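S.K.: Handing over my_file-v5.pdb, PDB, C-alpha atoms.
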MODEL        1
ATOM      1  CA  MET A   1     119.280  54.060-152.861
ATOM      2  CA  THR A   2     119.740  50.292-152.455
ATOM      3  CA  GLU A   3     123.040  48.541-153.137
ATOM      4  CA  PHE A   4     122.683  45.610-155.535
ATOM      5  CA  SER A   5     124.522  42.298-155.519
ATOM      6  CA  ALA A   6     126.890  41.169-158.268
ATOM      7  CA  GLU A   7     124.324  38.565-159.372
ATOM      8  CA  ILE A   8     121.606  41.190-159.792
ATOM      9  CA  LYS A   9     123.994  43.376-161.790
ATOM     10  CA  ARG A  10     124.896  40.412-163.988
ATOM     11  CA  LEU A  11     121.218  39.748-164.655
ATOM     12  CA  VAL A  12     120.550  43.395-165.562
ATOM     13  CA  ILE A  13     123.600  43.536-167.829
ATOM     14  CA  LYS A  14     122.421  40.397-169.650
ATOM     15  CA  ARG A  15     119.029  42.019-170.161
ATOM     16  CA  LEU A  16     120.661  45.223-171.446
ATOM     17  CA  GLU A  17     122.752  43.198-173.886
ATOM     18  CA  ALA A  18     119.510  41.973-175.457
ATOM     19  CA  VAL A  19     118.487  45.559-176.330
ATOM     20  CA  PRO A  20     119.133  46.449-179.997
ATOM     21  CA  ALA A  21     122.233  48.617-180.527
ATOM     22  CA  ASN A  22     120.275  51.465-182.149
ATOM     23  CA  ILE A  23     118.150  51.992-179.020
ATOM     24  CA  SER A  24     119.196  54.245-176.174
ATOM     25  CA  PHE A  25     117.325  55.117-172.978
ATOM     26  CA  SER A  26     116.309  58.537-171.817
ATOM     27  CA  ILE A  27     116.574  58.571-168.035
ATOM     28  CA  GLY A  28     115.192  61.878-166.896
ATOM     29  CA  ASN A  29     117.645  64.533-165.789
ATOM     30  CA  PHE A  30     120.528  62.106-166.079
ATOM     31  CA  GLY A  31     120.408  62.186-169.881
ATOM     32  CA  THR A  32     120.316  59.629-172.667
ATOM     33  CA  PHE A  33     122.443  56.492-172.563
ATOM     34  CA  SER A  34     123.310  53.750-175.031
ATOM     35  CA  LYS A  35     123.116  50.185-173.760
ATOM     36  CA  ASP A  36     126.929  50.043-173.519
ATOM     37  CA  GLU A  37     126.957  53.214-171.435
ATOM     38  CA  LEU A  38     124.247  51.725-169.204
ATOM     39  CA  VAL A  39     126.309  48.587-168.664
ATOM     40  CA  GLU A  40     129.181  50.837-167.491
ATOM     41  CA  GLN A  41     126.826  52.746-165.200
ATOM     42  CA  VAL A  42     125.579  49.489-163.676
ATOM     43  CA  ASN A  43     129.145  48.266-163.134
ATOM     44  CA  GLU A  44     130.183  51.579-161.592
ATOM     45  CA  ASN A  45     127.232  51.710-159.143
ATOM     46  CA  THR A  46     126.127  55.149-160.310
ATOM     47  CA  GLU A  47     122.643  56.596-159.730
ATOM     48  CA  VAL A  48     121.866  55.956-163.404
ATOM     49  CA  GLY A  49     122.986  52.352-163.001
ATOM     50  CA  LYS A  50     120.786  51.953-159.935
ATOM     51  CA  THR A  51     117.815  53.484-161.782
ATOM     52  CA  ILE A  52     118.197  51.037-164.660
ATOM     53  CA  ILE A  53     118.540  48.117-162.205
ATOM     54  CA  ASP A  54     115.367  49.315-160.484
ATOM     55  CA  MET A  55     113.611  49.454-163.873
ATOM     56  CA  GLU A  56     114.650  45.922-164.883
ATOM     57  CA  LEU A  57     113.867  44.475-161.444
ATOM     58  CA  THR A  58     110.459  46.157-161.401
ATOM     59  CA  PHE A  59     109.722  44.492-164.736
ATOM     60  CA  ILE A  60     110.942  41.077-163.585
ATOM     61  CA  ARG A  61     109.023  41.287-160.297
ATOM     62  CA  GLU A  62     105.860  42.268-162.134
ATOM     63  CA  MET A  63     106.079  39.334-164.534
ATOM     64  CA  PRO A  64     104.056  36.842-162.399
ATOM     65  CA  ARG A  65     101.272  39.401-161.899
ATOM     66  CA  LEU A  66     101.271  40.256-165.613
ATOM     67  CA  ALA A  67     101.190  36.587-166.600
ATOM     68  CA  GLN A  68      98.305  35.943-164.201
ATOM     69  CA  LYS A  69      96.397  38.910-165.612
ATOM     70  CA  ILE A  70      96.933  37.708-169.182
ATOM     71  CA  SER A  71      95.802  34.164-168.402
ATOM     72  CA  ALA A  72      92.713  35.513-166.599
ATOM     73  CA  GLU A  73      91.805  37.523-169.697
ATOM     74  CA  ASN A  74      92.215  34.556-172.069
TER      75      ASN A  74
ATOM     76  CA  MET B   1      85.505  78.291-171.645
ATOM     77  CA  LYS B   2      88.117  76.142-169.925
ATOM     78  CA  ASN B   3      91.701  77.403-169.872
ATOM     79  CA  VAL B   4      94.369  74.845-170.634
ATOM     80  CA  LEU B   5      98.102  75.522-170.295
ATOM     81  CA  PHE B   6     100.839  73.447-171.900
ATOM     82  CA  VAL B   7     104.419  73.974-170.733
ATOM     83  CA  ARG B   8     106.943  72.243-173.002
ATOM     84  CA  THR B   9     110.669  72.573-172.549
ATOM     85  CA  LYS B  10     112.940  71.629-175.446
ATOM     86  CA  TYR B  11     116.698  71.728-174.891
ATOM     87  CA  ASP B  12     117.959  68.146-175.082
ATOM     88  CA  ALA B  13     117.006  64.807-176.618
ATOM     89  CA  ALA B  14     114.612  63.852-173.820
ATOM     90  CA  THR B  15     112.712  67.139-173.780
ATOM     91  CA  GLU B  16     112.537  67.052-177.588
ATOM     92  CA  TYR B  17     110.478  63.856-177.284
ATOM     93  CA  LEU B  18     108.338  65.236-174.452
ATOM     94  CA  TYR B  19     107.741  68.408-176.464
ATOM     95  CA  HIS B  20     106.488  66.643-179.573
ATOM     96  CA  SER B  21     104.428  64.099-177.652
ATOM     97  CA  CYS B  22     102.158  67.031-176.756
ATOM     98  CA  ASP B  23     101.468  68.011-180.373
ATOM     99  CA  GLU B  24      98.421  65.729-180.611
ATOM    100  CA  LEU B  25      97.179  66.871-177.196
ATOM    101  CA  ILE B  26      97.341  70.545-178.150
ATOM    102  CA  SER B  27      95.485  69.763-181.343
ATOM    103  CA  ASP B  28      92.859  67.779-179.392
ATOM    104  CA  ALA B  29      92.377  70.583-176.850
ATOM    105  CA  THR B  30      91.999  73.152-179.616
ATOM    106  CA  LYS B  31      89.440  71.003-181.472
ATOM    107  CA  ARG B  32      87.424  70.650-178.277
ATOM    108  CA  GLY B  33      87.209  74.420-177.980
ATOM    109  CA  PHE B  34      89.400  74.905-174.934
ATOM    110  CA  ASN B  35      91.284  78.148-174.572
ATOM    111  CA  VAL B  36      94.800  76.784-175.099
ATOM    112  CA  SER B  37      97.959  78.597-173.996
ATOM    113  CA  GLN B  38     101.494  77.357-174.596
ATOM    114  CA  ILE B  39     104.777  78.237-172.958
ATOM    115  CA  ASP B  40     107.257  76.498-175.196
ATOM    116  CA  GLY B  41     110.996  75.968-175.539
ATOM    117  CA  GLU B  42     113.163  78.973-174.562
ATOM    118  CA  LYS B  43     110.076  80.794-173.276
ATOM    119  CA  ALA B  44     109.564  78.153-170.569
ATOM    120  CA  THR B  45     111.579  80.104-168.021
ATOM    121  CA  PRO B  46     110.643  80.147-164.321
ATOM    122  CA  GLU B  47     109.648  83.823-164.694
ATOM    123  CA  GLN B  48     107.310  83.213-167.654
ATOM    124  CA  ILE B  49     105.701  80.122-166.124
ATOM    125  CA  GLN B  50     105.171  81.684-162.707
ATOM    126  CA  SER B  51     103.973  84.986-164.162
ATOM    127  CA  TYR B  52     101.385  83.179-166.295
ATOM    128  CA  LEU B  53     100.147  81.112-163.361
ATOM    129  CA  LYS B  54      99.857  84.211-161.154
ATOM    130  CA  LYS B  55      97.835  86.139-163.743
ATOM    131  CA  THR B  56      95.673  83.344-165.104
ATOM    132  CA  THR B  57      94.443  80.336-163.201
ATOM    133  CA  PRO B  58      94.231  77.624-165.823
ATOM    134  CA  ASP B  59      91.736  74.824-165.278
ATOM    135  CA  PHE B  60      94.245  72.283-166.560
ATOM    136  CA  VAL B  61      98.037  72.420-166.620
ATOM    137  CA  CYS B  62     100.225  70.005-168.573
ATOM    138  CA  LEU B  63     103.895  70.272-167.583
ATOM    139  CA  ASN B  64     106.499  68.545-169.755
ATOM    140  CA  GLY B  65     110.194  68.583-168.974
ATOM    141  CA  HIS B  66     112.719  67.457-166.453
ATOM    142  CA  GLY B  67     111.817  67.072-162.831
ATOM    143  CA  ALA B  68     112.796  65.837-159.415
ATOM    144  CA  PRO B  69     110.724  65.002-156.348
ATOM    145  CA  GLU B  70     110.582  68.645-155.241
ATOM    146  CA  VAL B  71     110.804  70.569-158.490
ATOM    147  CA  PHE B  72     109.657  70.918-162.080
ATOM    148  CA  TYR B  73     112.415  72.379-164.217
ATOM    149  CA  GLY B  74     111.873  74.948-166.952
ATOM    150  CA  HIS B  75     114.196  75.798-169.835
ATOM    151  CA  GLN B  76     117.822  74.759-169.257
ATOM    152  CA  ASN B  77     117.052  73.070-165.928
ATOM    153  CA  LYS B  78     116.037  76.261-164.131
ATOM    154  CA  GLU B  79     113.730  75.567-161.182
ATOM    155  CA  ALA B  80     110.307  76.657-162.399
ATOM    156  CA  ILE B  81     107.877  75.213-159.855
ATOM    157  CA  THR B  82     109.140  74.192-156.451
ATOM    158  CA  LEU B  83     107.607  73.337-153.098
ATOM    159  CA  SER B  84     107.541  77.040-152.272
ATOM    160  CA  SER B  85     105.709  77.968-155.482
ATOM    161  CA  ALA B  86     103.409  74.913-155.557
ATOM    162  CA  HIS B  87     100.523  77.197-154.556
ATOM    163  CA  LEU B  88     100.563  78.520-158.134
ATOM    164  CA  LEU B  89      98.790  75.300-159.145
ATOM    165  CA  THR B  90      95.830  76.047-156.844
ATOM    166  CA  ASN B  91      92.447  75.170-158.374
ATOM    167  CA  THR B  92      94.018  73.364-161.329
ATOM    168  CA  ILE B  93      94.092  69.786-162.439
ATOM    169  CA  THR B  94      97.775  69.272-163.233
ATOM    170  CA  PHE B  95      99.456  66.548-165.246
ATOM    171  CA  THR B  96     103.242  66.461-165.040
ATOM    172  CA  ARG B  97     105.304  64.362-167.401
ATOM    173  CA  ALA B  98     108.628  64.818-165.649
ATOM    174  CA  CYS B  99     110.705  62.651-163.378
ATOM    175  CA  ALA B 100     109.483  62.040-159.859
ATOM    176  CA  CYS B 101     107.447  65.264-159.417
ATOM    177  CA  ALA B 102     104.500  63.331-157.979
ATOM    178  CA  ALA B 103     106.606  62.231-155.018
ATOM    179  CA  LYS B 104     106.737  65.572-153.168
ATOM    180  CA  LEU B 105     105.770  68.466-155.463
ATOM    181  CA  GLY B 106     102.402  66.860-156.215
ATOM    182  CA  LYS B 107     101.616  66.350-152.540
ATOM    183  CA  GLU B 108     102.559  69.927-151.730
ATOM    184  CA  ALA B 109     100.539  71.341-154.646
ATOM    185  CA  VAL B 110      97.447  69.487-153.434
ATOM    186  CA  ALA B 111      98.060  70.641-149.858
ATOM    187  CA  LYS B 112      98.061  74.196-151.240
ATOM    188  CA  GLY B 113      94.801  73.779-153.171
ATOM    189  CA  CYS B 114      95.577  72.000-156.451
ATOM    190  CA  LYS B 115      92.465  69.908-157.243
ATOM    191  CA  ALA B 116      94.419  66.920-158.529
ATOM    192  CA  PHE B 117      98.073  66.386-159.384
ATOM    193  CA  ILE B 118      98.922  63.493-161.689
ATOM    194  CA  GLY B 119     102.529  62.530-162.285
ATOM    195  CA  TYR B 120     105.277  59.994-161.794
ATOM    196  CA  ASN B 121     107.029  59.230-158.516
ATOM    197  CA  LYS B 122     110.141  57.815-160.200
ATOM    198  CA  PRO B 123     112.145  58.792-163.300
ATOM    199  CA  PHE B 124     110.022  58.777-166.470
ATOM    200  CA  VAL B 125     112.091  56.441-168.640
ATOM    201  CA  PHE B 126     111.681  55.810-172.342
ATOM    202  CA  PRO B 127     113.623  54.076-175.111
ATOM    203  CA  LYS B 128     114.487  55.943-178.271
ATOM    204  CA  LYS B 129     115.964  54.918-181.589
ATOM    205  CA  ASN B 130     118.996  56.937-182.613
ATOM    206  CA  GLU B 131     117.819  57.261-186.204
ATOM    207  CA  PHE B 132     114.566  58.952-185.113
ATOM    208  CA  GLU B 133     116.100  61.568-182.838
ATOM    209  CA  SER B 134     115.028  64.387-185.144
ATOM    210  CA  ARG B 135     111.603  62.806-185.767
ATOM    211  CA  PRO B 136     110.414  61.637-182.331
ATOM    212  CA  LEU B 137     106.842  61.024-183.436
ATOM    213  CA  LYS B 138     108.093  58.385-185.903
ATOM    214  CA  ASP B 139     110.025  56.496-183.223
ATOM    215  CA  ASP B 140     108.252  53.164-182.830
ATOM    216  CA  SER B 141     110.193  52.317-179.680
ATOM    217  CA  ALA B 142     109.129  55.483-177.820
ATOM    218  CA  THR B 143     105.502  55.598-178.992
ATOM    219  CA  PRO B 144     104.246  52.606-176.935
ATOM    220  CA  VAL B 145     105.665  54.251-173.810
ATOM    221  CA  PHE B 146     104.227  57.714-174.500
ATOM    222  CA  THR B 147     100.743  56.580-175.546
ATOM    223  CA  PRO B 148      99.536  55.475-172.060
ATOM    224  CA  SER B 149     100.806  58.787-170.745
ATOM    225  CA  ASN B 150      99.035  60.860-173.409
ATOM    226  CA  THR B 151      95.793  58.985-172.887
ATOM    227  CA  ILE B 152      95.496  60.518-169.403
ATOM    228  CA  VAL B 153      95.295  63.994-170.895
ATOM    229  CA  ARG B 154      93.022  62.869-173.737
ATOM    230  CA  HIS B 155      90.576  61.386-171.222
ATOM    231  CA  ILE B 156      90.608  64.500-169.084
ATOM    232  CA  PHE B 157      89.824  66.572-172.183
ATOM    233  CA  LYS B 158      86.914  64.204-172.903
ATOM    234  CA  GLY B 159      85.527  65.042-169.476
ATOM    235  CA  THR B 160      86.230  61.867-167.542
ATOM    236  CA  THR B 161      87.189  62.025-163.887
ATOM    237  CA  VAL B 162      90.866  61.928-162.969
ATOM    238  CA  ASN B 163      90.338  58.413-161.659
ATOM    239  CA  GLU B 164      88.886  57.246-164.980
ATOM    240  CA  ALA B 165      91.774  58.873-166.846
ATOM    241  CA  ILE B 166      94.320  57.076-164.665
ATOM    242  CA  ASN B 167      92.515  53.761-165.091
ATOM    243  CA  ALA B 168      92.442  54.274-168.859
ATOM    244  CA  SER B 169      96.207  54.739-168.776
ATOM    245  CA  HIS B 170      96.698  51.547-166.748
ATOM    246  CA  ARG B 171      94.450  49.640-169.182
ATOM    247  CA  LEU B 172      96.386  50.918-172.185
ATOM    248  CA  SER B 173      99.697  50.076-170.520
ATOM    249  CA  ALA B 174      98.396  46.548-169.823
ATOM    250  CA  LYS B 175      97.367  46.201-173.476
ATOM    251  CA  GLU B 176     100.802  47.352-174.694
ATOM    252  CA  ILE B 177     102.592  45.131-172.161
ATOM    253  CA  ASN B 178     100.522  42.159-173.293
ATOM    254  CA  LYS B 179     101.361  42.893-176.931
ATOM    255  CA  TRP B 180     105.117  43.283-176.333
ATOM    256  CA  LEU B 181     105.389  40.301-173.962
ATOM    257  CA  PHE B 182     104.355  38.038-176.825
ATOM    258  CA  SER B 183     106.445  39.840-179.415
ATOM    259  CA  THR B 184     109.643  38.404-180.888
ATOM    260  CA  ASP B 185     110.752  41.919-181.854
ATOM    261  CA  PRO B 186     114.035  42.660-179.995
ATOM    262  CA  ASP B 187     112.756  46.200-179.349
ATOM    263  CA  ALA B 188     110.520  44.589-176.706
ATOM    264  CA  ASN B 189     113.597  44.243-174.463
ATOM    265  CA  ALA B 190     113.747  48.031-174.265
ATOM    266  CA  ILE B 191     110.053  48.883-174.407
ATOM    267  CA  LEU B 192     108.701  46.493-171.760
ATOM    268  CA  PRO B 193     110.802  47.543-168.738
ATOM    269  CA  ALA B 194     110.118  51.241-169.436
ATOM    270  CA  LEU B 195     106.380  50.606-169.890
ATOM    271  CA  VAL B 196     106.125  48.637-166.652
ATOM    272  CA  MET B 197     108.252  51.062-164.638
ATOM    273  CA  ASN B 198     106.296  54.153-165.759
ATOM    274  CA  ASP B 199     102.964  52.433-165.176
ATOM    275  CA  LYS B 200     104.002  51.512-161.635
ATOM    276  CA  ALA B 201     105.303  55.043-161.016
ATOM    277  CA  LEU B 202     102.084  56.766-162.121
ATOM    278  CA  GLN B 203     100.571  58.501-159.115
ATOM    279  CA  VAL B 204      97.766  60.902-158.386
ATOM    280  CA  HIS B 205      97.217  63.198-155.413
ATOM    281  CA  GLY B 206      94.030  65.050-154.620
ATOM    282  CA  ASP B 207      90.454  64.558-155.714
ATOM    283  CA  LEU B 208      90.098  61.455-157.884
ATOM    284  CA  GLU B 209      86.534  62.359-158.840
ATOM    285  CA  VAL B 210      87.275  65.808-160.222
ATOM    286  CA  SER B 211      86.865  66.407-163.958
ATOM    287  CA  LEU B 212      87.712  69.252-166.317
ATOM    288  CA  VAL B 213      84.403  69.450-168.149
TER     289      VAL B 213
ENDMDL
END
Would you write out, as structure tokens, the structure that this file holds?
M.R.:
Amino acid sequence: MTEFSAEIKRLVIKRLEAVPANISFSIGNFGTFSKDELVEQVNENTEVGKTIIDMELTFIREMPRLAQKISAEN
Amino acid sequence: MKNVLFVRTKYDAATEYLYHSCDELISDATKRGFNVSQIDGEKATPEQIQSYLKKTTPDFVCLNGHGAPEVFYGHQNKEAITLSSAHLLTNTITFTRACACAAKLGKEAVAKGCKAFIGYNKPFVFPKKNEFESRPLKDDSATPVFTPSNTIVRHIFKGTTVNEAINASHRLSAKEINKWLFSTDPDANAILPALVMNDKALQVHGDLEVSLV
């Protein structure tokens, strides 16, 4: 799996910090993680951390397409 | 009468959610007069699942649990359906709500005669609120992520083609994404990335024009 830069990790951690404290994420076979645990996983370059980075980056990359779709519908 | 099989593991927090997300689908299938079979919880062992599939060829199979590109796991992470047993899905339409099974297992199942294999080619990720762990169906952070997934099965039960079912899921995801993008609810920060990731990871192999009914 891809290695991510410190800037990307910082961005993902900022996004995780915006998640309410009572919400955790179920990430398949890896288990369920609180946002604090996910921040650790991102910092430690684990597979879970990389999965959550992939999830956040997929969302961010899709934003222009989503915005275009919404404006086309309105 | 069409035979429908639900496999639902239940041995950790994630599978608890997957298990209960099928409740409405089982009820829907029963109301529509399908012959519904369930292999649930501790019974979802590799032996039970494989034995059932050898004896009875269901028309539709709904697998819920943990997964990996090459395997669907039964109870307690025991390998239940692998590349070497993918032929057991021959002549079925299969929907798998498990991580990454569409990547390789789905392809192999279709190569061995599965009509259509619908699943996810990445981890199926969902947010959950700690206070709803024992009542997953009440969890308003998980529901928006599970609904586009459930709608695939609901559409197949209605008799649409696999392609129409997939498109219905994408439309519902788009509707939810649109709703949460404009929401000031902080839950959106958890719901949106999971919704987008699962929608992108949704994949189908096989005949897009096949239908159950």
S.K.: Name the residues in contact with segment 12-21 of chain A at a cut-off of 9 Å, using all atoms listed in the file, excluding same-chain residues fewer than 4 positions from it; report them as a list in words.
M.R.: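 Counting only the stated atoms, we get Glu7, Ile8, Ser34, Lys35, Asp36, Leu38, Val39, Val42, Asn43, Ile52, Ile53, Glu56 and Leu57 of chain A; Lys129, Pro186, Asp187, Ala188, Asn189 and Ala190 of chain B.
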S.K.: Please identify every residue of chain A that has at least one atom no farther than 8 Å from an atom of chain B, counting all atoms listed in the file, and for each give the shortest atom pair and the distance in Å to one decimal, arranged by chain then increasing number, as a tab-separated table.
M.R.:
residue	atom	partner	partner_atom	distance
A:Arg15	CA	B:Asn189	CA	7.3
A:Leu16	CA	B:Asn189	CA	7.7
A:Ala18	CA	B:Asn189	CA	6.4
A:Val19	CA	B:Asn189	CA	5.4
A:Pro20	CA	B:Pro186	CA	6.4
A:Asn22	CA	B:Lys129	CA	5.6
A:Ile23	CA	B:Lys129	CA	4.5
A:Ser24	CA	B:Lys128	CA	5.4
A:Phe25	CA	B:Pro127	CA	4.4
A:Ser26	CA	B:Phe126	CA	5.4
A:Ile27	CA	B:Val125	CA	5.0
A:Gly28	CA	B:Pro123	CA	5.6
A:Asn29	CA	B:His66	CA	5.8
A:Gly31	CA	B:Ala14	CA	7.2
A:Thr32	CA	B:Ala14	CA	7.2
A:Thr51	CA	B:Pro123	CA	7.9
A:Met55	CA	B:Met197	CA	5.6
A:Glu56	CA	B:Pro193	CA	5.7
A:Thr58	CA	B:Met197	CA	6.3
A:Phe59	CA	B:Pro193	CA	5.1
A:Glu62	CA	B:Val196	CA	7.8
A:Leu66	CA	B:Asn178	CA	7.9
A:Ile70	CA	B:Asn178	CA	7.0
S.K.: Show me the residues around (99.1, 66.1, -167.5) - criterion: an atom at most 10 Å away, only C-alpha atoms counted - as a ChimeraX atom specification.
M.R.: /B:5-6,22,25,60-64,93-98,117-119,149-154,156
S.K.: Figure out the distance between atom CA of Lys115 of chain B and atom CA of Ser27 of chain B, please, to one decimal in Å.
M.R.: 24.3 Å
S.K.: Atom CA of Glu209 of chain B and atom CA of Thr57 of chain B, how far apart in Å?
M.R.: 20.1 Å
S.K.: Since I can't run it myself right now, could you work out what the PyMOL selection byres ((chain B and resi 46) around 12) selects here and report it as a ChimeraX atom specification?
M.R.: /B:7,9,39-45,47-54,71-82,85,88
S.K.: Find the residues around Glu108 of chain B up to 10 Å (all atoms listed in the file counted), leave out those fewer than 2 positions away in its own chain, and share them as a PyMOL selection string.
M.R.: chain B and resi 70+82-87+89+102-106+110-114+117+205
S.K.: In the coordinates of the file, take the point (118.6, 50.7, -151.3) and a cut-off of 12 Å; then, counting all atoms listed in the file, name each qualifying protein, DNA or RNA residue as a ChimeraX atom specification.
M.R.: /A:1-5,45,47,50-51,53-54
S.K.: Could you tell me how far atom CA of Cys101 of chain B lies from atom CA of Pro148 of chain B, in Å and to one decimal?
M.R.: 17.8 Å
S.K.: Using all atoms listed in the file, determine which residues lie at most 7 Å from Pro58 of chain B, disregarding the query and same-chain residues fewer than 4 positions distant; provide the list as a list in words.
M.R.: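 The residues that qualify are Asn3, Val4, Leu5 and Thr92 of chain B.
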S.K.: With C-alpha atoms retained, export the selected residues as a compact mmCIF listing (two decimals), keeping the file's coordinate frame.
M.R.:
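Okay, out33.txt is ready:
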# COMPACT_ATOMS: atom_id res chain seq x y z
CA ASN B 3 91.70 77.40 -169.87
CA VAL B 4 94.37 74.84 -170.63
CA LEU B 5 98.10 75.52 -170.30
CA THR B 92 94.02 73.36 -161.33
S.K.: Nearest to Val48 of chain A: which of A:Phe30, A:Ala67, A:Ala72, A:Ala6 is it, counting all atoms listed in the file?
M.R.: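 So, comparing all the options, the nearest one is A:Phe30.
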S.K.: Excluding Arg32 of chain B and its own-chain neighbours fewer than 4 positions away, which residues fall within 9 Å of it when counting only C-alpha atoms? Please give them as a PDB file with C-alpha atoms, keeping the file's coordinate frame.
M.R.:
ATOM      1  CA  SER B  27      95.485  69.763-181.343  1.00  0.00           C
ATOM      2  CA  ASP B  28      92.859  67.779-179.392  1.00  0.00           C
ATOM      3  CA  PHE B 157      89.824  66.572-172.183  1.00  0.00           C
ATOM      4  CA  LYS B 158      86.914  64.204-172.903  1.00  0.00           C
TER       5      LYS B 158
END
S.K.: Please provide the set of residues having any atom within 12 Å of Asn167 of chain B, restricted to all atoms listed in the file, with same-chain residues fewer than 2 positions apart removed, written as a CSV table (one decimal) with C-alpha atoms, in the coordinates of the input.
M.R.:
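The file below, around.csv, is the result:
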chain,number,residue,atom,x,y,z
B,148,PRO,CA,99.5,55.5,-172.1
B,149,SER,CA,100.8,58.8,-170.7
B,151,THR,CA,95.8,59.0,-172.9
B,152,ILE,CA,95.5,60.5,-169.4
B,155,HIS,CA,90.6,61.4,-171.2
B,156,ILE,CA,90.6,64.5,-169.1
B,160,THR,CA,86.2,61.9,-167.5
B,161,THR,CA,87.2,62.0,-163.9
B,162,VAL,CA,90.9,61.9,-163.0
B,163,ASN,CA,90.3,58.4,-161.7
B,164,GLU,CA,88.9,57.2,-165.0
B,165,ALA,CA,91.8,58.9,-166.8
B,169,SER,CA,96.2,54.7,-168.8
B,170,HIS,CA,96.7,51.5,-166.7
B,171,ARG,CA,94.4,49.6,-169.2
B,172,LEU,CA,96.4,50.9,-172.2
B,173,SER,CA,99.7,50.1,-170.5
B,174,ALA,CA,98.4,46.5,-169.8
B,199,ASP,CA,103.0,52.4,-165.2
B,202,LEU,CA,102.1,56.8,-162.1
B,203,GLN,CA,100.6,58.5,-159.1
B,204,VAL,CA,97.8,60.9,-158.4
B,208,LEU,CA,90.1,61.5,-157.9
